[in-house]
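Raw contents of data-v5.pdb, PDB, C-alpha atoms:
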ATOM      1  CA  MET A 125     -23.489  75.471  99.367
ATOM      2  CA  THR A 126     -24.104  73.805  96.006
ATOM      3  CA  THR A 127     -21.057  71.595  96.591
ATOM      4  CA  LEU A 128     -22.427  70.574  99.998
ATOM      5  CA  LEU A 129     -25.804  69.653  98.527
ATOM      6  CA  ALA A 130     -24.122  67.653  95.772
ATOM      7  CA  ALA A 131     -22.069  65.741  98.362
ATOM      8  CA  ALA A 132     -25.188  64.893 100.386
ATOM      9  CA  VAL A 133     -26.909  63.014  97.552
ATOM     10  CA  PRO A 134     -24.378  60.143  97.209
ATOM     11  CA  LEU A 135     -24.233  59.871 101.005
ATOM     12  CA  ILE A 136     -27.976  59.217 101.147
ATOM     13  CA  VAL A 137     -27.745  56.667  98.318
ATOM     14  CA  ILE A 138     -24.866  54.819 100.008
ATOM     15  CA  ALA A 139     -26.747  54.906 103.305
ATOM     16  CA  PHE A 140     -29.784  53.311 101.670
ATOM     17  CA  VAL A 141     -27.700  50.462 100.240
ATOM     18  CA  VAL A 142     -25.825  49.833 103.500
ATOM     19  CA  LEU A 143     -28.975  49.922 105.636
ATOM     20  CA  LEU A 144     -30.772  47.582 103.248
ATOM     21  CA  VAL A 145     -27.888  45.104 103.443
ATOM     22  CA  ALA A 146     -27.926  45.413 107.237
ATOM     23  CA  ALA A 147     -31.646  44.633 107.268
ATOM     24  CA  LEU A 148     -31.008  41.513 105.191
ATOM     25  CA  VAL A 149     -28.229  40.445 107.558
ATOM     26  CA  GLN A 150     -30.524  40.957 110.525
ATOM     27  CA  GLN A 151     -33.056  38.661 108.843
ATOM     28  CA  ARG A 152     -30.639  35.749 108.352
ATOM     29  CA  GLY A 153     -32.150  32.415 109.150
ATOM     30  CA  GLN A 154     -35.486  33.684 107.776
ATOM     31  CA  PRO A 155     -36.760  33.964 104.193
ATOM     32  CA  VAL A 156     -34.817  36.479 102.074
ATOM     33  CA  GLU A 157     -37.928  38.602 101.586
ATOM     34  CA  LEU A 158     -37.843  41.471 104.060
ATOM     35  CA  SER A 159     -40.699  41.835 106.489
ATOM     36  CA  THR A 160     -42.702  45.048 106.727
ATOM     37  CA  SER A 161     -41.184  45.744 110.135
ATOM     38  CA  ALA A 162     -37.620  45.407 108.805
ATOM     39  CA  LEU A 163     -38.353  47.702 105.863
ATOM     40  CA  PHE A 164     -39.935  50.266 108.167
ATOM     41  CA  ARG A 165     -36.938  50.237 110.524
ATOM     42  CA  THR A 166     -34.652  50.665 107.505
ATOM     43  CA  TYR A 167     -36.680  53.696 106.457
ATOM     44  CA  LEU A 168     -36.520  55.168 109.974
ATOM     45  CA  TYR A 169     -32.726  54.998 110.086
ATOM     46  CA  LEU A 170     -32.377  56.334 106.538
ATOM     47  CA  ALA A 171     -34.727  59.236 107.292
ATOM     48  CA  SER A 172     -32.843  59.962 110.527
ATOM     49  CA  LEU A 173     -29.602  60.244 108.571
ATOM     50  CA  ALA A 174     -31.298  62.516 106.022
ATOM     51  CA  GLY A 175     -32.419  64.722 108.905
ATOM     52  CA  VAL A 176     -28.832  64.958 110.177
ATOM     53  CA  VAL A 177     -27.630  65.947 106.687
ATOM     54  CA  ALA A 178     -30.345  68.617 106.386
ATOM     55  CA  PHE A 179     -29.414  69.973 109.816
ATOM     56  CA  ALA A 180     -25.733  70.099 108.810
ATOM     57  CA  ILE A 181     -26.583  72.088 105.668
ATOM     58  CA  GLY A 182     -28.684  74.507 107.703
ATOM     59  CA  LEU A 183     -25.978  74.912 110.347
ATOM     60  CA  VAL A 184     -23.371  75.729 107.684
ATOM     61  CA  ALA A 185     -25.665  78.368 106.180
ATOM     62  CA  LEU A 186     -26.390  79.918 109.593
ATOM     63  CA  LEU A 187     -22.691  80.071 110.458
ATOM     64  CA  ASN A 188     -21.946  81.683 107.094
ATOM     65  CA  ALA A 189     -24.619  84.315 107.696
ATOM     66  CA  GLY A 190     -23.446  84.981 111.245
ATOM     67  CA  LEU A 191     -19.790  85.269 110.257
ATOM     68  CA  ALA A 192     -20.713  87.538 107.340
ATOM     69  CA  SER A 193     -22.597  89.823 109.732
ATOM     70  CA  ALA A 194     -19.702  89.895 112.191
ATOM     71  CA  GLY A 195     -16.682  90.007 109.870
ATOM     72  CA  GLY A 196     -18.027  91.208 106.556
ATOM     73  CA  GLY A 197     -19.387  89.434 103.516
ATOM     74  CA  GLN A 198     -16.043  89.316 101.721
ATOM     75  CA  LEU A 199     -14.568  87.204 104.539
ATOM     76  CA  VAL A 200     -17.183  84.490 103.991
ATOM     77  CA  TYR A 201     -18.025  84.740 100.303
ATOM     78  CA  GLY A 202     -14.782  86.111  98.902
ATOM     79  CA  GLY A 203     -14.380  88.837  96.349
ATOM     80  CA  PRO A 204     -12.061  91.463  94.859
ATOM     81  CA  PRO A 205     -10.262  94.043  96.996
ATOM     82  CA  ASP A 206     -12.107  97.142  98.149
ATOM     83  CA  GLU A 207     -10.708  99.498  95.524
ATOM     84  CA  SER A 208     -11.757  97.334  92.573
ATOM     85  CA  ARG A 209     -15.245  96.363  93.741
ATOM     86  CA  PRO A 210     -18.192  97.359  91.553
ATOM     87  CA  LEU A 211     -20.934  99.370  93.218
ATOM     88  CA  ALA A 212     -23.348  96.447  93.142
ATOM     89  CA  PHE A 213     -20.937  94.098  94.903
ATOM     90  CA  ALA A 214     -21.897  95.165  98.438
ATOM     91  CA  SER A 215     -25.585  94.602  97.760
ATOM     92  CA  GLN A 216     -24.784  91.205  96.272
ATOM     93  CA  LEU A 217     -22.936  90.191  99.454
ATOM     94  CA  GLU A 218     -25.858  91.411 101.547
ATOM     95  CA  ARG A 219     -28.275  89.375  99.435
ATOM     96  CA  ARG A 220     -26.154  86.243  99.851
ATOM     97  CA  ARG A 221     -26.034  86.781 103.611
ATOM     98  CA  GLY A 222     -29.830  87.044 103.741
ATOM     99  CA  GLU A 223     -30.203  83.914 101.626
ATOM    100  CA  ASP A 224     -27.889  81.978 103.926
ATOM    101  CA  ALA A 225     -29.793  83.116 107.006
ATOM    102  CA  LEU A 226     -33.116  82.031 105.513
ATOM    103  CA  ARG A 227     -31.654  78.758 104.203
ATOM    104  CA  GLY A 228     -30.083  78.013 107.553
ATOM    105  CA  LEU A 229     -33.317  78.523 109.474
ATOM    106  CA  THR A 230     -35.289  76.434 106.980
ATOM    107  CA  PHE A 231     -32.897  73.500 106.644
ATOM    108  CA  GLY A 232     -31.858  73.529 110.298
ATOM    109  CA  THR A 233     -35.415  73.531 111.670
ATOM    110  CA  PHE A 234     -36.628  70.951 109.182
ATOM    111  CA  GLY A 235     -33.616  68.701 109.829
ATOM    112  CA  VAL A 236     -34.039  68.773 113.601
ATOM    113  CA  LEU A 237     -37.789  68.102 113.457
ATOM    114  CA  PHE A 238     -37.400  65.372 110.840
ATOM    115  CA  TRP A 239     -34.678  63.614 112.848
ATOM    116  CA  LEU A 240     -36.613  63.961 116.123
ATOM    117  CA  VAL A 241     -39.810  62.440 114.725
ATOM    118  CA  HIS A 242     -37.982  59.415 113.332
ATOM    119  CA  TRP A 243     -35.833  59.023 116.448
ATOM    120  CA  LEU A 244     -38.975  58.864 118.596
ATOM    121  CA  ALA A 245     -40.520  56.340 116.205
ATOM    122  CA  ARG A 246     -37.362  54.187 116.362
ATOM    123  CA  ASN A 247     -37.352  54.200 120.137
ATOM    124  CA  ARG A 248     -41.030  53.324 120.322
ATOM    125  CA  LEU A 249     -40.680  50.492 117.805
ATOM    126  CA  SER A 250     -37.524  48.934 119.286
ATOM    127  CA  PRO A 251     -36.287  50.664 122.460
ATOM    128  CA  GLY A 252     -32.610  50.155 123.219
ATOM    129  CA  ASP A 253     -31.973  48.774 119.723
ATOM    130  CA  GLN A 254     -28.332  47.700 119.279
ATOM    131  CA  GLY A 255     -28.843  45.557 116.191
ATOM    132  CA  ALA A 256     -27.298  45.544 112.737
ATOM    133  CA  LEU A 257     -29.396  48.460 111.474
ATOM    134  CA  ARG A 258     -28.238  50.813 114.216
ATOM    135  CA  ARG A 259     -24.627  49.742 113.737
ATOM    136  CA  ALA A 260     -24.952  50.363 109.982
ATOM    137  CA  TYR A 261     -26.515  53.779 110.658
ATOM    138  CA  LEU A 262     -23.615  54.780 112.896
ATOM    139  CA  PHE A 263     -21.093  53.362 110.416
ATOM    140  CA  VAL A 264     -22.530  55.309 107.483
ATOM    141  CA  GLY A 265     -22.716  58.517 109.531
ATOM    142  CA  THR A 266     -19.142  58.121 110.767
ATOM    143  CA  ALA A 267     -17.751  57.270 107.327
ATOM    144  CA  GLY A 268     -19.768  59.887 105.443
ATOM    145  CA  PHE A 269     -19.017  62.829 107.702
ATOM    146  CA  GLY A 270     -15.425  61.629 108.074
ATOM    147  CA  VAL A 271     -14.942  61.801 104.307
ATOM    148  CA  ALA A 272     -16.650  65.218 104.236
ATOM    149  CA  THR A 273     -14.239  66.417 106.927
ATOM    150  CA  LEU A 274     -11.249  65.241 104.898
ATOM    151  CA  VAL A 275     -12.584  66.913 101.757
ATOM    152  CA  PHE A 276     -13.655  70.293 103.171
ATOM    153  CA  LEU A 277     -11.517  71.007 106.237
ATOM    154  CA  PRO A 278      -7.962  70.794 104.782
ATOM    155  CA  ASN A 279      -9.030  72.819 101.756
ATOM    156  CA  GLY A 280     -10.674  75.415 103.993
ATOM    157  CA  VAL A 281      -7.615  75.720 106.218
ATOM    158  CA  TYR A 282      -5.450  76.065 103.106
ATOM    159  CA  GLN A 283      -7.672  78.827 101.731
ATOM    160  CA  ALA A 284      -7.605  80.705 105.033
ATOM    161  CA  LEU A 285      -3.823  80.475 105.343
ATOM    162  CA  SER A 286      -3.375  81.343 101.672
ATOM    163  CA  ASN A 287      -5.502  84.482 102.015
ATOM    164  CA  TRP A 288      -3.488  85.514 105.048
ATOM    165  CA  LEU A 289       0.057  84.587 103.999
ATOM    166  CA  ILE A 290       0.261  84.267 100.206
ATOM    167  CA  VAL A 291      -2.448  86.105  98.280
ATOM    168  CA  PRO A 292      -1.698  89.847  97.911
ATOM    169  CA  ALA A 293      -4.226  92.291  99.289
ATOM    170  CA  SER A 294      -4.944  93.514  95.763
ATOM    171  CA  SER A 295      -5.968  90.062  94.483
ATOM    172  CA  PHE A 296      -9.257  88.197  94.539
ATOM    173  CA  ARG A 297      -9.711  86.272  97.819
ATOM    174  CA  GLN A 298     -11.564  83.017  98.346
ATOM    175  CA  GLY A 299     -14.238  83.070 101.024
ATOM    176  CA  LEU A 300     -14.181  80.911 104.136
ATOM    177  CA  GLY A 301     -17.762  79.777 103.586
ATOM    178  CA  ASP A 302     -16.882  77.501 100.682
ATOM    179  CA  SER A 303     -14.824  74.933 102.586
ATOM    180  CA  LEU A 304     -13.710  75.942 106.086
ATOM    181  CA  ILE A 305     -17.119  76.273 107.730
ATOM    182  CA  PRO A 306     -18.520  73.094 106.080
ATOM    183  CA  GLY A 307     -15.369  71.301 107.232
ATOM    184  CA  ILE A 308     -15.809  72.458 110.836
ATOM    185  CA  VAL A 309     -19.470  71.375 110.891
ATOM    186  CA  ALA A 310     -18.617  68.005 109.331
ATOM    187  CA  LEU A 311     -15.866  67.516 111.916
ATOM    188  CA  ALA A 312     -18.228  68.184 114.821
ATOM    189  CA  ILE A 313     -20.870  65.748 113.536
ATOM    190  CA  TRP A 314     -18.214  63.146 112.677
ATOM    191  CA  LEU A 315     -16.889  63.281 116.250
ATOM    192  CA  LEU A 316     -20.407  62.660 117.571
ATOM    193  CA  PHE A 317     -21.013  59.693 115.255
ATOM    194  CA  PHE A 318     -17.538  58.321 115.981
ATOM    195  CA  ARG A 319     -18.127  58.469 119.737
ATOM    196  CA  LEU A 320     -21.473  56.672 119.442
ATOM    197  CA  ALA A 321     -20.076  54.041 117.067
ATOM    198  CA  ALA A 322     -17.044  53.369 119.271
ATOM    199  CA  GLY A 323     -19.225  53.092 122.371
ATOM    200  CA  GLY A 324     -21.565  50.675 120.612
ATOM    201  CA  ALA A 325     -18.637  48.552 119.409
ATOM    202  CA  ARG A 326     -17.233  48.306 122.942
ATOM    203  CA  GLY A 327     -20.652  47.337 124.292
ATOM    204  CA  ASN A 328     -21.065  44.602 121.667
ATOM    205  CA  ASP A 329     -17.593  43.216 122.453
ATOM    206  CA  ARG A 330     -18.392  43.073 126.173
ATOM    207  CA  ARG A 331     -21.708  41.308 125.571
ATOM    208  CA  ARG A 332     -20.082  38.826 123.186
ATOM    209  CA  ALA A 333     -17.307  38.077 125.681
ATOM    210  CA  PHE A 334     -19.862  37.579 128.448
ATOM    211  CA  ARG A 335     -21.946  35.149 126.407
ATOM    212  CA  GLY A 336     -19.171  33.169 124.730
ATOM    213  CA  GLY A 337     -16.180  33.545 127.012
ATOM    214  CA  PRO A 338     -13.843  30.603 127.578
ATOM    215  CA  SER A 339     -15.090  28.163 130.178
ATOM    216  CA  GLY A 340     -12.799  27.202 133.021
ATOM    217  CA  PRO A 341     -11.578  23.659 133.754
ATOM    218  CA  PRO A 342     -14.021  21.339 135.517
ATOM    219  CA  PRO A 343     -13.810  21.449 139.305
ATOM    220  CA  GLU A 344     -11.667  18.797 140.935
ATOM    221  CA  PRO A 345     -13.422  16.335 143.249
ATOM    222  CA  ASN A 346     -13.420  17.234 146.906
ATOM    223  CA  MET A 347     -11.204  14.727 148.759
ATOM    224  CA  VAL A 348     -11.707  16.163 152.238
ATOM    225  CA  GLY A 349     -13.305  13.559 154.545
ATOM    226  CA  ALA A 350     -13.434  10.887 151.837
ATOM    227  CA  SER A 351     -13.645   7.368 153.220
ATOM    228  CA  ILE A 352     -10.838   4.926 152.460
ATOM    229  CA  GLY A 353     -11.689   1.295 151.732
ATOM    230  CA  PRO A 354     -14.800  -0.333 150.370
ATOM    231  CA  GLY A 355     -18.075   1.355 150.886
ATOM    232  CA  PRO A 356     -21.080  -0.088 152.736
ATOM    233  CA  SER A 357     -22.566  -1.569 149.583
ATOM    234  CA  SER A 358     -19.287  -3.381 148.816
ATOM    235  CA  ARG A 359     -19.110  -4.834 152.345
ATOM    236  CA  SER A 360     -22.708  -6.077 152.215
ATOM    237  CA  ALA A 361     -22.093  -7.689 148.850
ATOM    238  CA  GLY A 362     -19.004  -9.474 150.239
ATOM    239  CA  ALA A 363     -20.916 -10.726 153.276
ATOM    240  CA  GLU A 364     -23.661 -12.179 151.095
ATOM    241  CA  ALA A 365     -21.078 -14.000 148.977
ATOM    242  CA  ALA A 366     -19.401 -15.486 152.095
ATOM    243  CA  THR A 367     -22.767 -16.703 153.457
ATOM    244  CA  GLY A 368     -23.514 -18.354 150.153
ATOM    245  CA  ARG A 369     -20.194 -20.273 150.280
ATOM    246  CA  GLU A 370     -20.837 -21.491 153.871
ATOM    247  CA  GLU A 371     -24.311 -22.753 152.953
ATOM    248  CA  GLY A 372     -22.873 -24.523 149.983
TER
END
Any chance you could give the structure as structure tokens?
Amino acid sequence: MTTLLAAAVPLIVIAFVVLLVAALVQQRGQPVELSTSALFRTYLYLASLAGVVAFAIGLVALLNAGLASAGGGQLVYGGPPDESRPLAFASQLERRRGEDALRGLTFGTFGVLFWLVHWLARNRLSPGDQGALRRAYLFVGTAGFGVATLVFLPNGVYQALSNWLIVPASSFRQGLGDSLIPGIVALAIWLLFFRLAAGGARGNDRRRAFRGGPSGPPPEPNMVGASIGPGPSSRSAGAEAATGREEG
């Protein structure tokens, strides 16, 4: 859990930088100084991402506690084999399970409420927003949770397979809660961000093609029923010229 918290801090910092740049891009053609509205929208997206991160931390803790209750604390937190455990080891596993349950409820509830409040504020301020800030928000979420998936999930799968196939039963075993469960949670959230980002990119491409698509060739003149020979104005001009010559 400490590793997960440490990974969340640089994600928030990177998100702040990217969202601030996106706000500046959205203000192009205007003075470089950001307006209060642009700064507030930047804060709303940054806070929404922080809420998602807090929810992810809480969900990992809840899954650890649930799996420890169902399969035993050693499966989640690791530890020595049964015959070499000290007497206090079982109570230590039980304490860690209780801490994860409490942490999961706290972080999960706070993350959901925090994200919901800022999501409602975003929709009220700019409903249906598809601008640079939203695209940056989806990009940071997709990239951040994608990197977390690559860091945690392969290592967690390796630990699980190693405990099952390689490590002897009499050796210390790594728990699944260190990497596998964070990797699964990161994968689920990454898939959600990736789906939203891909859908937004397709929508932007369709709107851009509709506005700036290639124009067709100009229509050819309609020749059906066109008169052949000089028009009425040409005939009247010729008659006036002939009358002038006769009078002369």
**Request:** Do a neighbour search on segment 306-309 of chain A at 10 Å with all atoms listed in the file, toss out local chain neighbours closer than 4 positions, and write the hits as a list in words.
**Result:**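 Final neighbour list, sorted by chain and number: Met125, Thr127, Leu128, Ala180, Ile181, Leu183, Val184, Ala185, Leu187, Asn188, Phe269, Gly270, Val271, Ala272, Thr273, Leu274, Val275, Phe276, Leu277, Pro278, Asn279, Gly280, Val281, Leu300, Gly301, Asp302, Ile313 and Trp314 of chain A.
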**One-decimal distance in Å that lies between atom CA of Ile138 of chain A and atom CA of Leu186 of chain A** =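 Computing the Euclidean distance for atom CA of Leu186 of chain A and atom CA of Ile138 of chain A yields 26.9 Å.
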I want to know what sits within 7 Å of segment 189-202 of chain A, based on all atoms listed in the file, with residues of the same chain fewer than 5 positions away left out; could you give that as a short mmCIF file (atom, residue, chain, number, x, y, z; two decimals) with C-alpha atoms, in the frame of the given file?
data_model
loop_
_atom_site.label_atom_id
_atom_site.label_comp_id
_atom_site.auth_asym_id
_atom_site.auth_seq_id
_atom_site.Cartn_x
_atom_site.Cartn_y
_atom_site.Cartn_z
CA LEU A 217 -22.94 90.19 99.45
CA ARG A 221 -26.03 86.78 103.61
CA ASP A 224 -27.89 81.98 103.93
CA ALA A 225 -29.79 83.12 107.01
CA ARG A 297 -9.71 86.27 97.82
CA GLN A 298 -11.56 83.02 98.35
CA GLY A 299 -14.24 83.07 101.02
CA LEU A 300 -14.18 80.91 104.14
CA GLY A 301 -17.76 79.78 103.59
#
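Atom CA of Arg258 of chain A is found 24.4 Å from atom CA of Phe231 of chain A.
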**Asked** What is the distance between atom CA of Arg227 of chain A and atom CA of Trp243 of chain A, in Å to one decimal?
**Response**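 Distance reported for this atom pair: 23.6 Å.
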Exactly which residues make up the result of the PyMOL selection byres ((chain A and resi 320) around 12) on this file, given as a CSV table (one decimal) with C-alpha atoms, in the frame of the given file?
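Final output, saved to selection.csv:
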chain,number,residue,atom,x,y,z
A,254,GLN,CA,-28.3,47.7,119.3
A,258,ARG,CA,-28.2,50.8,114.2
A,259,ARG,CA,-24.6,49.7,113.7
A,260,ALA,CA,-25.0,50.4,110.0
A,261,TYR,CA,-26.5,53.8,110.7
A,262,LEU,CA,-23.6,54.8,112.9
A,263,PHE,CA,-21.1,53.4,110.4
A,265,GLY,CA,-22.7,58.5,109.5
A,266,THR,CA,-19.1,58.1,110.8
A,313,ILE,CA,-20.9,65.7,113.5
A,314,TRP,CA,-18.2,63.1,112.7
A,315,LEU,CA,-16.9,63.3,116.2
A,316,LEU,CA,-20.4,62.7,117.6
A,317,PHE,CA,-21.0,59.7,115.3
A,318,PHE,CA,-17.5,58.3,116.0
A,319,ARG,CA,-18.1,58.5,119.7
A,321,ALA,CA,-20.1,54.0,117.1
A,322,ALA,CA,-17.0,53.4,119.3
A,323,GLY,CA,-19.2,53.1,122.4
A,324,GLY,CA,-21.6,50.7,120.6
A,325,ALA,CA,-18.6,48.6,119.4
A,326,ARG,CA,-17.2,48.3,122.9
A,327,GLY,CA,-20.7,47.3,124.3
**Asked** Which residue gives the smallest distance to Phe234 of chain A among A:Leu168, A:Val145, A:Ala310, A:Ala178, with all atoms listed in the file counted?
**Response**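 Checking each candidate against Phe234 of chain A, we get A:Ala178 as the closest.
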**Request:** Pick out the closest residue to Leu170 of chain A from this set: A:Leu285, A:Ile290, A:Gly222, A:Arg246. Count only C-alpha atoms.
**Result:**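 Answer, going by the shortest atom-to-atom distance: A:Arg246.
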